[in-house]
Each structure stands twice: as structure tokens, then as C-alpha cells.
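Enquirer: Sharing a structure, written as C-alpha cells. Questions coming.
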Amino acid sequence: MTATTNMPAVNPGASGSGSGSGAGLPSTTDAPRLPSLSRRSSSAPAARRAKAPMSIGTTLVLLIGALYCLTPVLWVVIASTKDGSELFSTFTFLPSSHLWDNIVELTQYRGGLYWRWMVNTALYAGVGAILSTYVSMLSGYALAKFTFPGKSGVFKVLLMGVLVPGVILAIPQYFMLAQVGMTNTYWAVLLPQIISPYGIYLARIYAAAAVPTEIIESGRTEGASELFILHRLAMPMMLPGLVTVFLFQFVAIWNNFMLPYIMLGDDKLFPITVGLSGLLNQGSTVPALYTLVITGALLSIIPLIALFLVLQRYWRVDLAAGAVKA
Amino acid sequence: MRARLRIGAIATAAAAALIMTGCTATADSGSGSGSSDEKVELTYWAWAPNLDKVVDIWNKANPNIQVTVAKQDGGDPAITKLLTAIKAGSGAPDLIQAEYQKIPTLVSADAIADIAGDGAKDLSSTFPDGVWNSVTLGSDAVYAIPQDTGPMMFFYRDDIFQQLGVSVPTTWDEYADAARKIHTADPTKFLGTFSANDAGWFTGLSQQAGASWWSIDGDAWGVDIDAEPTQKVAEYWGGLVEEGVIDNKPMYTPEWNAGLNDGSQVGWTGAVWGPGVLSGNAADTAGKWKAAPLPNWDASSPSNGNWGGSSTAVTTQSKHAAAAVEFATWLNTDPAAVQALVTETGIYPAATDAAASALTEAPAFFSNQPDFYDVAAEAAQSVGDFTYGPNVNVAFSAYNDEFAKAAESKQASAFLEAVTAMQKITLDDMKASGFTVK
């Protein structure tokens, strides 16, 4: 029951996140620079426009890249306007008029279960990413600004953690949570995703670069508590980095399949990824619900796109602010 | 999506490897403590669509035994999850929908309980012997209560058959002739496809030819895949694929769905639950299809195979085995429940009498064929015996791997080699897992 044409259906979220975070990552690390410089590196299109007349080859390659990324999204958009029989019989890129019918049908599927999945996903990704960002900030700041025995050891273990794919840990995590009877609950999906080695790593780099030690020391001289210094002085300076960590974690949890797939048995707790995959794998006696899955995939990337558009602002504003301060 | 499915498959394999502890464990009898006075809550993992609506009927009538259905993704993921939960020691449901071929695996992993002592033993006469045998594994134990069966049937596009002057094949020789005739008349059309993705389908075809891939002899298992019946089936389909008159693409793909819609797939060797698949994938072709018994090897002694079918089992982690058995018995044998199963989930019930009274009107997709369930009953009657082993998952994935290569090569000889490879992989795995093998 492998579904080849459904490959693009879930990819857009991943590819969107890839390109978006790709633009965000370098800009955060070279924050303390001149405003003009950082602005150029943060907004790739400007750089591209400036170089375009010089090399048609580059433009062509970039165009192909854009096509490669956007065609699957276009496919999903067009396919979600078709009804069940048109999906397999009409020309691939010929739109139809059934988008609203499909959304209604998706909404009616088992009493609006899809929207429950949407809420679950928002909960897992939203709460999970906020908690994860906070934990990353605490640990990253501590690793960057405090000296304590074993610090470099901790950091090295952390670096190794970055290299371990989360998928590998899913089954051990299942067995551990089963021992305390927490599988098949919201916690089973939330807890393992709060710790993100990559997020801690990013937060440490950002704290080291963006928070001057002098400010922390002056805070201490004024008698502020360490937590006050962290929350009131360091955190605002780390904000662009934290937004990046938040986005990374949000997208990672939003798109995560393996962990909830293993942890959850009750489909009322499913996130969208697992739910949609279930609609495709109903077993051989039941037809796969392709139109519902495609429409569901389209709707599921809208919140991600919206989040990126809203949070992109933070990178620009705070990069400029950080640069002036430095 | 494919990448994710791949990951899913790897995880399934990993979990299965963790779980197959390699001993033919003895299932302890279910320790029921569900007296009817105290309120009992049961969880039920199942994937049949709309099953919760049938369960609602039970819940309204039995306030003391409340059942919650957690819908699963098809048979394989649910079983993998159950085995993982059993291994972990918690998290398993009380009841699970288990396909017949999974029962030996579940029994050897000590995942499902022997419910013979909880009243299930009295049900033996309610079900056909072959079906009952697959939930008892030929022993005195009862490991599940049969729910539905999947006798194979042949679906064809009546309009295209008439247009091309093809008569409905009753033997596989006639099927081959019909396939040639259709493909010659219109090279874009195929009477069917050889699907390397659907091991259950090939198992059913082999069962029809007289195969039984595993056998139990005392404490020892036998593996008989590479034997005459299966070789005959593989050679037959390999020949048709090599000739090019039968498609070599898997079923249940978007491409196959397109073929059902545009008439390039003129026939389908499916099973009794086929109307649901056809109406879901090609709703616009309603009224153009007809159902017939599966073509036979020997017209004088018709036989048939099963594709699909499942049962309701009680897990070893359930603390309310008696209540669970009470519910499962009602679900699968009570006339009202079976009627609801037919209307809501579209299954073909296993309980003989209840099925006869529930299956009166042909499915909507086959409203042009009022005798649909008569054909189905005929198909169900001639299903032969088939023994499944404890590593069906290994044999089935060997089928997928080996026959994918064979179908790609379009060589009849490759189909025979695939059967030999399946035998070797399955046998080696059983030896490696520590089973006593003949």
C-alpha cells in the first residue's frame, strides 16, 4: 500500500521548514555585525536580485530549486480540489472545484476527528516547543556563561546527542514510559520532545555571542538574582535565537511521525501525521481515503506557513537591534 | 509518505525482532474477574471502519461493561503495537481485532489469552470448521472469536466483457484465454494484475490451489511454501506476466485506482469485501461490475481461498477476561450485532446462521447483481484449510521482496525462484528464532 503520489503530500511541511530554517540559521550566528551586512545575509532574495544580471546560470539553478520545492505544494493544492474519481482520472495539474466539498467531508469524518488531530498537533507542537525552548535557554545560558566542573564533558555529550536521530530513541522511550504507565497519553508525546540537544546547542552559541558577560556582572553588582538576570537581561538579548529554537522545535514536533506512532494507541490523541497515515493504511479491505488525506495535508501546512510569516519579523527586528547594541 | 512508511516498516521489524523471543510459549488461561455487578471498562483496538457504532449498541444495553474502541491503522500496525505493549508489560488493550494469520504469532508471544474456559468453547458450532480451526490452532484452546472471513471472488467489468465478447472464466485456463483476448483487443487493458505488495492475496490464491504454508506436527513446525500448489500458482501468474497479458503493478496504488476508474483494469481477483474497495476507489463505475466465483484449477472440484478476515481476541494483560469474552461473543454471534456489523462496517460475518439472516440485500455498489451474496456464500463454502505459522510477518515480507523482483523481471522462472526464496527465508527465520522445525 505504498502511495507514490502521496509523497509530496506531506513533504511540503518538511521542505518548507528546511528552506525556512536554512535562512534563519546563519543569520542568527552572525548577529553582532553591521546592520546592512546582517540584513543582506538574512534576506536571501535581495542578494539574489543583486547578483542576477551577472549570472544567468545561477538564476537558472535557483529557479530549478524553487520549482523542485514548490511543485509538490502545487500538486497538493490542485489535488485537494478534486473529488475521489477525478483524482485518478483527470490531468495532474488540472484543478477542479471540490475543495470545499473535500473540507466538509474531512470535517465530517468520524465526527470531526481531523480537527481534534489538528488541536492535538497544535498542543504537542505549541506546548512542546515552548517548554523545549525554555529548557534550551536555561541549559544553553548555563553552558555559555557559567564555569563548573564537567562543563566541557556535558557539552561534548550534548554534541553527540545532536548526531543521534530521535527516531532511534522512540522504542527505548516507549519501554521507559510503559514502566510508569504513561504510554498512550498526551505526556508520552510531550515529554520526550522537551529535551532537544540541537536546541540547547543553538542556545549556548547564541547566549555566548549575544549576551555580554559585562551585563551579567553589572546585574550581579546591583544585587539581582541569577534568575532575574536570566529572565530580564539575558532572555531579551537571546530572543532571536530563542525564536529560531522555538521554530525548529515546533516544526520538528509538528512533522514528527515515529514517536506518536509508537506511543499512541488511541486515535483521539493522534497528531495529524499519524492520523493521516492511518487514513491511507486502512488495511486491504478498506480503500485508502486519498482525497481526505490530501486535503488534510494541505490544511495541516497552513498553520506552519502562518507561523513562519509571523515569526520571520522577529529575526529582522532583533538582528538589527542586537547589531546596534554590539 | 513513502519514507515514513519505510521507517514504519523498519520499526515494525525492529519491534518484532525485540519481541520474537523464540520459544513456543504457552498461553496461560485468562484470569477473569469481571463479575456483572461491578462496573468494568474495556478498551478494544480495532480497525474495521465504524465499529464504534456497533459497540455503542452494546454500551447502551450493558451499563456495567463499557467498551471503548480505539481505532487502529489496519492489521499490521495494531499487532506490532500490541506486541510492543506486551513486551513492555503495560499499555495493551483488553480486546484486539486480530487477523487469522496473526494468531500463531500472538500466541507464541503470549499476547492473547486462551478463552476456552470463559465460555468461548461453546461457540464451536456457530462457525464453519475451517474458521474455528484457525482460532484454536487445532488445539483444545480457543484464542479468539471469529469475526469475519474473506472468501476470494472474481470481479469483472461486465460492460467491457460484453463489448469484447468475453465470457466469464470459470477455470484458470479460461482466465488466461480471457486475459489474452482482452489485452489483444486493447493493449492498454488488462484482466488483472500480479500484485507483489499483497501477500494475503497470493496466500489466498495458493490456498485455493491446495497449499498450506505451515504445518504442526506435535511440537515441531513444518514450512511447506516451496511445494507443488504454490509453485503451480507462481508459475501460472509468472507465465501470464511474462506473456504481458497481465499487468505486473501492485494493487492499492494510485495507478491501480486510476486503472479501476478508466477501465484499463477490467477485472480483479479480490475477496468478498471487494465492493467497499471498488466503491471507495472507483465510485463512478458502480453498476458496471459483476462478481463471480474465483476461477478454479479443476472445474469438477471447486475450491477457494481466503484473503483477509479477522477475529476478536482477549489480550493477556486484560484484567477482565470474562467480561471481554462476553462482549466479543455478543459482537460476533448476536444476530442484531452481526446485522450492525454488516451495515456499519461492511464485513462478511463468520458466524454461519447470523450471516445468512444478515446478508440479504446486495451491497449498493452491486445493486445490479441481486444474487451477490449467493455467489459469496458459494465462494465461502469451498474455502479449504490453511495453517499459519508463528512468523507470518517474515514470510509475507519475503513475499513482498522476492516477488517484487520477479514481477519486475517479467520472467516466469523468477516467480518460481521467488517461491524457493520465500521458503528458505521463512524456514531460516524459524530456526534462528529457536522454534523446533521438522
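The way I read the labels, and the way they are meant: chains A, B, ... in the order of the C-alpha cells, residue 1 as the first residue of every chain, and ligand 1 as the first ligand shown, with later ones counted on from there.
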Write out as a list in words each polymer residue whose atoms come within 9 Å of segment 175-177 of chain B, counting only C-alpha atoms; drop sequence neighbours fewer than 5 positions from it.
Expert: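 Skipping anything fewer than 5 positions along the chain leaves Val168, Pro169, Thr170, Ile182, Leu191, Tyr236, Leu240, Val245, Ile246 and Pro295 of chain B.
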Enquirer: Write a file of the selected residues as a PDB file, in the first residue's frame, keeping N, CA, C and O atoms.
Expert:
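Saved result, selection39.pdb, follows:
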```pdb
ATOM      1  N   VAL B 168     -17.361 -15.172 -18.947  1.00  0.00           N
ATOM      2  CA  VAL B 168     -16.792 -15.161 -17.599  1.00  0.00           C
ATOM      3  C   VAL B 168     -16.001 -16.453 -17.367  1.00  0.00           C
ATOM      4  O   VAL B 168     -16.547 -17.542 -17.523  1.00  0.00           O
ATOM      5  N   PRO B 169     -14.710 -16.348 -17.026  1.00  0.00           N
ATOM      6  CA  PRO B 169     -13.895 -17.553 -16.862  1.00  0.00           C
ATOM      7  C   PRO B 169     -14.297 -18.340 -15.614  1.00  0.00           C
ATOM      8  O   PRO B 169     -14.511 -17.744 -14.556  1.00  0.00           O
ATOM      9  N   THR B 170     -14.397 -19.652 -15.737  1.00  0.00           N
ATOM     10  CA  THR B 170     -14.663 -20.480 -14.563  1.00  0.00           C
ATOM     11  C   THR B 170     -13.424 -21.273 -14.163  1.00  0.00           C
ATOM     12  O   THR B 170     -13.343 -21.770 -13.047  1.00  0.00           O
ATOM     13  N   ILE B 182      -8.550  -9.988 -24.092  1.00  0.00           N
ATOM     14  CA  ILE B 182      -8.773  -8.586 -23.725  1.00  0.00           C
ATOM     15  C   ILE B 182      -7.550  -7.744 -24.076  1.00  0.00           C
ATOM     16  O   ILE B 182      -7.662  -6.661 -24.659  1.00  0.00           O
ATOM     17  N   LEU B 191      -6.757  -7.876 -17.742  1.00  0.00           N
ATOM     18  CA  LEU B 191      -7.806  -8.541 -16.964  1.00  0.00           C
ATOM     19  C   LEU B 191      -7.480  -8.503 -15.465  1.00  0.00           C
ATOM     20  O   LEU B 191      -8.361  -8.643 -14.627  1.00  0.00           O
ATOM     21  N   TYR B 236       1.924 -20.076 -12.947  1.00  0.00           N
ATOM     22  CA  TYR B 236       0.790 -19.621 -13.757  1.00  0.00           C
ATOM     23  C   TYR B 236       0.823 -18.103 -13.922  1.00  0.00           C
ATOM     24  O   TYR B 236       0.785 -17.576 -15.034  1.00  0.00           O
ATOM     25  N   LEU B 240       1.731 -15.572 -17.215  1.00  0.00           N
ATOM     26  CA  LEU B 240       0.865 -14.515 -17.751  1.00  0.00           C
ATOM     27  C   LEU B 240       1.584 -13.168 -17.763  1.00  0.00           C
ATOM     28  O   LEU B 240       1.441 -12.379 -18.697  1.00  0.00           O
ATOM     29  N   VAL B 245       0.181 -10.313 -20.788  1.00  0.00           N
ATOM     30  CA  VAL B 245      -1.267 -10.142 -20.856  1.00  0.00           C
ATOM     31  C   VAL B 245      -1.865  -9.802 -19.492  1.00  0.00           C
ATOM     32  O   VAL B 245      -3.044  -9.460 -19.392  1.00  0.00           O
ATOM     33  N   ILE B 246      -1.025  -9.899 -18.452  1.00  0.00           N
ATOM     34  CA  ILE B 246      -1.440  -9.495 -17.111  1.00  0.00           C
ATOM     35  C   ILE B 246      -0.459  -8.427 -16.648  1.00  0.00           C
ATOM     36  O   ILE B 246       0.748  -8.539 -16.888  1.00  0.00           O
ATOM     37  N   PRO B 295     -12.009 -18.162 -10.501  1.00  0.00           N
ATOM     38  CA  PRO B 295     -11.775 -19.279 -11.424  1.00  0.00           C
ATOM     39  C   PRO B 295     -11.108 -20.440 -10.693  1.00  0.00           C
ATOM     40  O   PRO B 295     -10.401 -20.237  -9.706  1.00  0.00           O
TER      41      PRO B 295
END
```
Enquirer: Segment 183-301 of chain B: which residues are strand (DSSP E) by DSSP, as a list in words?
Expert: Trp214, Ser215, Ile216, Asp217, Ala220, Trp221, Gly222, Val223, Gly267, Trp268, Thr269, Gly270, Ala271, Trp289, Lys290, Ala291, Ala292 and Pro293 of chain B
Enquirer: Using only C-alpha atoms, which residues of segment 112-183 of chain A come within 9 Å of segment 290-310 of chain A, and what is the closest atom pair for each, with the distance in Å to one decimal? Give it as CSV, sorted by chain and residue number.
Expert:
```
residue,atom,partner,partner_atom,distance
A:Tyr114,CA,A:Gly296,CA,7.6
A:Met118,CA,A:Ser300,CA,7.3
A:Ala122,CA,A:Pro303,CA,8.8
```
Enquirer: Got time to write the residues from that selection, N, CA and C atoms, as a short mmCIF file (atom, residue, chain, number, x, y, z; two decimals), in the first residue's frame?
Expert:
```cif
data_model
loop_
_atom_site.label_atom_id
_atom_site.label_comp_id
_atom_site.auth_asym_id
_atom_site.auth_seq_id
_atom_site.Cartn_x
_atom_site.Cartn_y
_atom_site.Cartn_z
N TYR A 114 -10.61 14.89 12.46
CA TYR A 114 -9.46 15.59 11.89
C TYR A 114 -9.12 16.83 12.68
N MET A 118 -5.85 18.16 14.65
CA MET A 118 -5.24 19.47 14.46
C MET A 118 -4.97 20.11 15.83
N ALA A 122 -1.38 20.99 17.49
CA ALA A 122 -1.06 22.33 17.97
C ALA A 122 -0.61 22.27 19.42
#
```
Enquirer: Quick one: residues within 12 Å of Asp129 of chain B, only C-alpha atoms counted, chain neighbours fewer than 2 positions away excluded, as a list in words?
Expert: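 Those residues are Leu123, Ser124, Ser125, Thr126, Phe127, Val131, Trp132, Asn133, Ser134, Val135, Thr136, Leu137, Gly138, Pro146, Ala350, Ala351, Thr352, Ala380, Gln381, Ser382, Val383, Gly384, Asp385 and Phe386 of chain B.
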Enquirer: From the list B:Gln147, B:Ala92, B:Trp307, B:Lys424, which residue is nearest Thr285 of chain A when using only C-alpha atoms?
Expert: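 Ranked by minimum distance to Thr285 of chain A, first place goes to B:Trp307.
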Enquirer: With distances taken over only C-alpha atoms, which of B:Ala323, B:Ile347, B:Pro104, B:Asp56 is nearest to Lys39 of chain B?
Expert: B:Ala323
Enquirer: Using backbone DSSP assignments, extract all alpha helix (DSSP H) residues from segment 163-298 of chain B; output them as a ChimeraX atom specification.
Expert: /B:163-164,172-185,199-208,228-243,254-262,274-281
Enquirer: Create the file for the chosen residues now, containing C-alpha atoms and written as a CSV table (one decimal), in the first residue's frame.
Expert:
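What follows is the written file part07.csv:
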```
chain,number,residue,atom,x,y,z
B,163,GLN,CA,-18.4,-5.4,-25.6
B,164,LEU,CA,-15.4,-7.6,-26.3
B,172,TRP,CA,-7.8,-20.5,-14.7
B,173,ASP,CA,-7.2,-21.8,-18.2
B,174,GLU,CA,-10.2,-19.8,-19.3
B,175,TYR,CA,-9.0,-16.8,-17.3
B,176,ALA,CA,-5.7,-16.9,-19.2
B,177,ASP,CA,-7.6,-17.0,-22.5
B,178,ALA,CA,-9.8,-14.1,-21.5
B,179,ALA,CA,-6.7,-12.2,-20.4
B,180,ARG,CA,-5.1,-12.7,-23.8
B,181,LYS,CA,-8.3,-11.8,-25.7
B,182,ILE,CA,-8.8,-8.6,-23.7
B,183,HIS,CA,-5.2,-7.5,-24.0
B,184,THR,CA,-5.0,-8.3,-27.7
B,185,ALA,CA,-8.2,-6.3,-28.4
B,199,ALA,CA,1.0,-11.3,0.3
B,200,GLY,CA,-2.5,-12.0,1.7
B,201,TRP,CA,-3.8,-12.1,-1.9
B,202,PHE,CA,-1.2,-14.6,-3.0
B,203,THR,CA,-1.8,-16.7,0.1
B,204,GLY,CA,-5.4,-16.9,-0.8
B,205,LEU,CA,-4.6,-18.0,-4.4
B,206,SER,CA,-2.2,-20.6,-3.0
B,207,GLN,CA,-4.8,-21.8,-0.5
B,208,GLN,CA,-7.2,-22.3,-3.3
B,228,GLU,CA,3.6,-28.1,-5.7
B,229,PRO,CA,0.4,-26.0,-5.1
B,230,THR,CA,2.3,-22.7,-4.6
B,231,GLN,CA,4.7,-23.5,-7.4
B,232,LYS,CA,1.7,-24.0,-9.7
B,233,VAL,CA,0.2,-20.7,-8.8
B,234,ALA,CA,3.5,-18.8,-9.1
B,235,GLU,CA,4.3,-20.4,-12.4
B,236,TYR,CA,0.8,-19.6,-13.8
B,237,TRP,CA,0.9,-15.9,-12.9
B,238,GLY,CA,4.6,-15.7,-13.9
B,239,GLY,CA,3.6,-17.1,-17.3
B,240,LEU,CA,0.9,-14.5,-17.8
B,241,VAL,CA,3.1,-11.7,-16.7
B,242,GLU,CA,5.9,-12.9,-19.0
B,243,GLU,CA,3.4,-13.0,-21.8
B,254,PRO,CA,-3.0,5.4,-7.2
B,255,GLU,CA,-2.1,3.9,-10.5
B,256,TRP,CA,-4.2,0.9,-9.9
B,257,ASN,CA,-7.0,3.1,-8.7
B,258,ALA,CA,-6.7,5.1,-11.9
B,259,GLY,CA,-7.0,1.7,-13.8
B,260,LEU,CA,-10.2,0.8,-12.0
B,261,ASN,CA,-11.6,4.2,-12.9
B,262,ASP,CA,-10.7,4.3,-16.6
B,274,GLY,CA,-14.3,-6.1,-2.6
B,275,PRO,CA,-17.4,-3.9,-3.1
B,276,GLY,CA,-16.2,-1.5,-0.4
B,277,VAL,CA,-12.8,-1.1,-2.1
B,278,LEU,CA,-14.3,-0.7,-5.5
B,279,SER,CA,-16.9,1.9,-4.4
B,280,GLY,CA,-14.2,3.8,-2.4
B,281,ASN,CA,-11.7,3.9,-5.3
```
Enquirer: Could you tell me how far atom CA of Leu169 of chain A lies from atom CA of Arg116 of chain A, in Å and to one decimal?
Expert: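 A separation of 26.8 Å between them.
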Enquirer: Looking at A:Leu311, A:Met237, A:Leu230, A:Leu87, which one is nearest to chain B, with distances taken over only C-alpha atoms?
Expert: A:Leu87
Enquirer: Expressed in Å to a single decimal, how great is the separation between atom CA of Thr360 of chain B and atom CA of Gly346 of chain B?
Expert: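 Rounded to one decimal, the two atoms are 13.0 Å apart.
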Enquirer: Find the spatial neighbours of Leu158 of chain A, counting only C-alpha atoms, within a cut-off of 12 Å - ignore same-chain residues fewer than 5 positions away - and output them as a PyMOL selection string.
Expert: chain A and resi 136+139-140+143+151-153+163-164+195-202+204
Enquirer: Using only C-alpha atoms for the distances, tell me which of A:Tyr186, A:Phe228, A:Trp254, A:Tyr261 is nearest to chain B.
Expert: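 Under the stated criterion, the closest residue is A:Tyr261.
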Enquirer: Hey, what's within 8 Å of Ile78 of chain A if we count only C-alpha atoms and toss same-chain stuff fewer than 6 positions away? As a list in words, please?
Expert: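 Once the nearby chain positions are removed, what remains is Thr92, Phe93, Leu94, Pro95 and Ser96 of chain A.
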Enquirer: Between B:Val40, B:Ala407, B:Leu341, B:Ala412, single out the one closest to Asp148 of chain B, counting only C-alpha atoms.
Expert: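 Between B:Val40, B:Ala407, B:Leu341, B:Ala412, the residue approaching Asp148 of chain B most closely is B:Leu341.
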Enquirer: May I ask which of the residues B:Ala85, B:Ile115, B:Leu331, B:Leu359 is the closest one to chain A, counting only C-alpha atoms?
Expert: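 Between B:Ala85, B:Ile115, B:Leu331, B:Leu359, the residue approaching chain A most closely is B:Ala85.
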Enquirer: Could you state the separation of atom CA of Leu95 of chain B and atom CA of Tyr44 of chain B in Å, given to one decimal place?
Expert: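 Between these atoms lies a distance of 4.5 Å.
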Enquirer: With a distance cut-off of 7 Å and only C-alpha atoms, select the neighbouring residues of Ala70 of chain B, excluding the residue or stretch itself and same-chain residues fewer than 6 positions from it, and output the selection as a list in words.
Expert: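 Counting only the stated atoms, we get Gly265, Asp266 and Asp267 of chain A; Tyr44, Trp45 and Ala46 of chain B.
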Enquirer: Dump C-alpha atoms for the selected residues as a short mmCIF file (atom, residue, chain, number, x, y, z; two decimals), in the first residue's frame?
Expert:
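What landed in out.cif:
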```cif
data_model
loop_
_atom_site.label_atom_id
_atom_site.label_comp_id
_atom_site.auth_asym_id
_atom_site.auth_seq_id
_atom_site.Cartn_x
_atom_site.Cartn_y
_atom_site.Cartn_z
CA GLY A 265 -2.91 3.59 20.53
CA ASP A 266 -5.98 5.80 20.83
CA ASP A 267 -6.66 7.83 17.72
CA TYR B 44 -10.74 -2.52 22.18
CA TRP B 45 -8.19 -1.94 19.42
CA ALA B 46 -9.77 -2.46 16.05
#
```
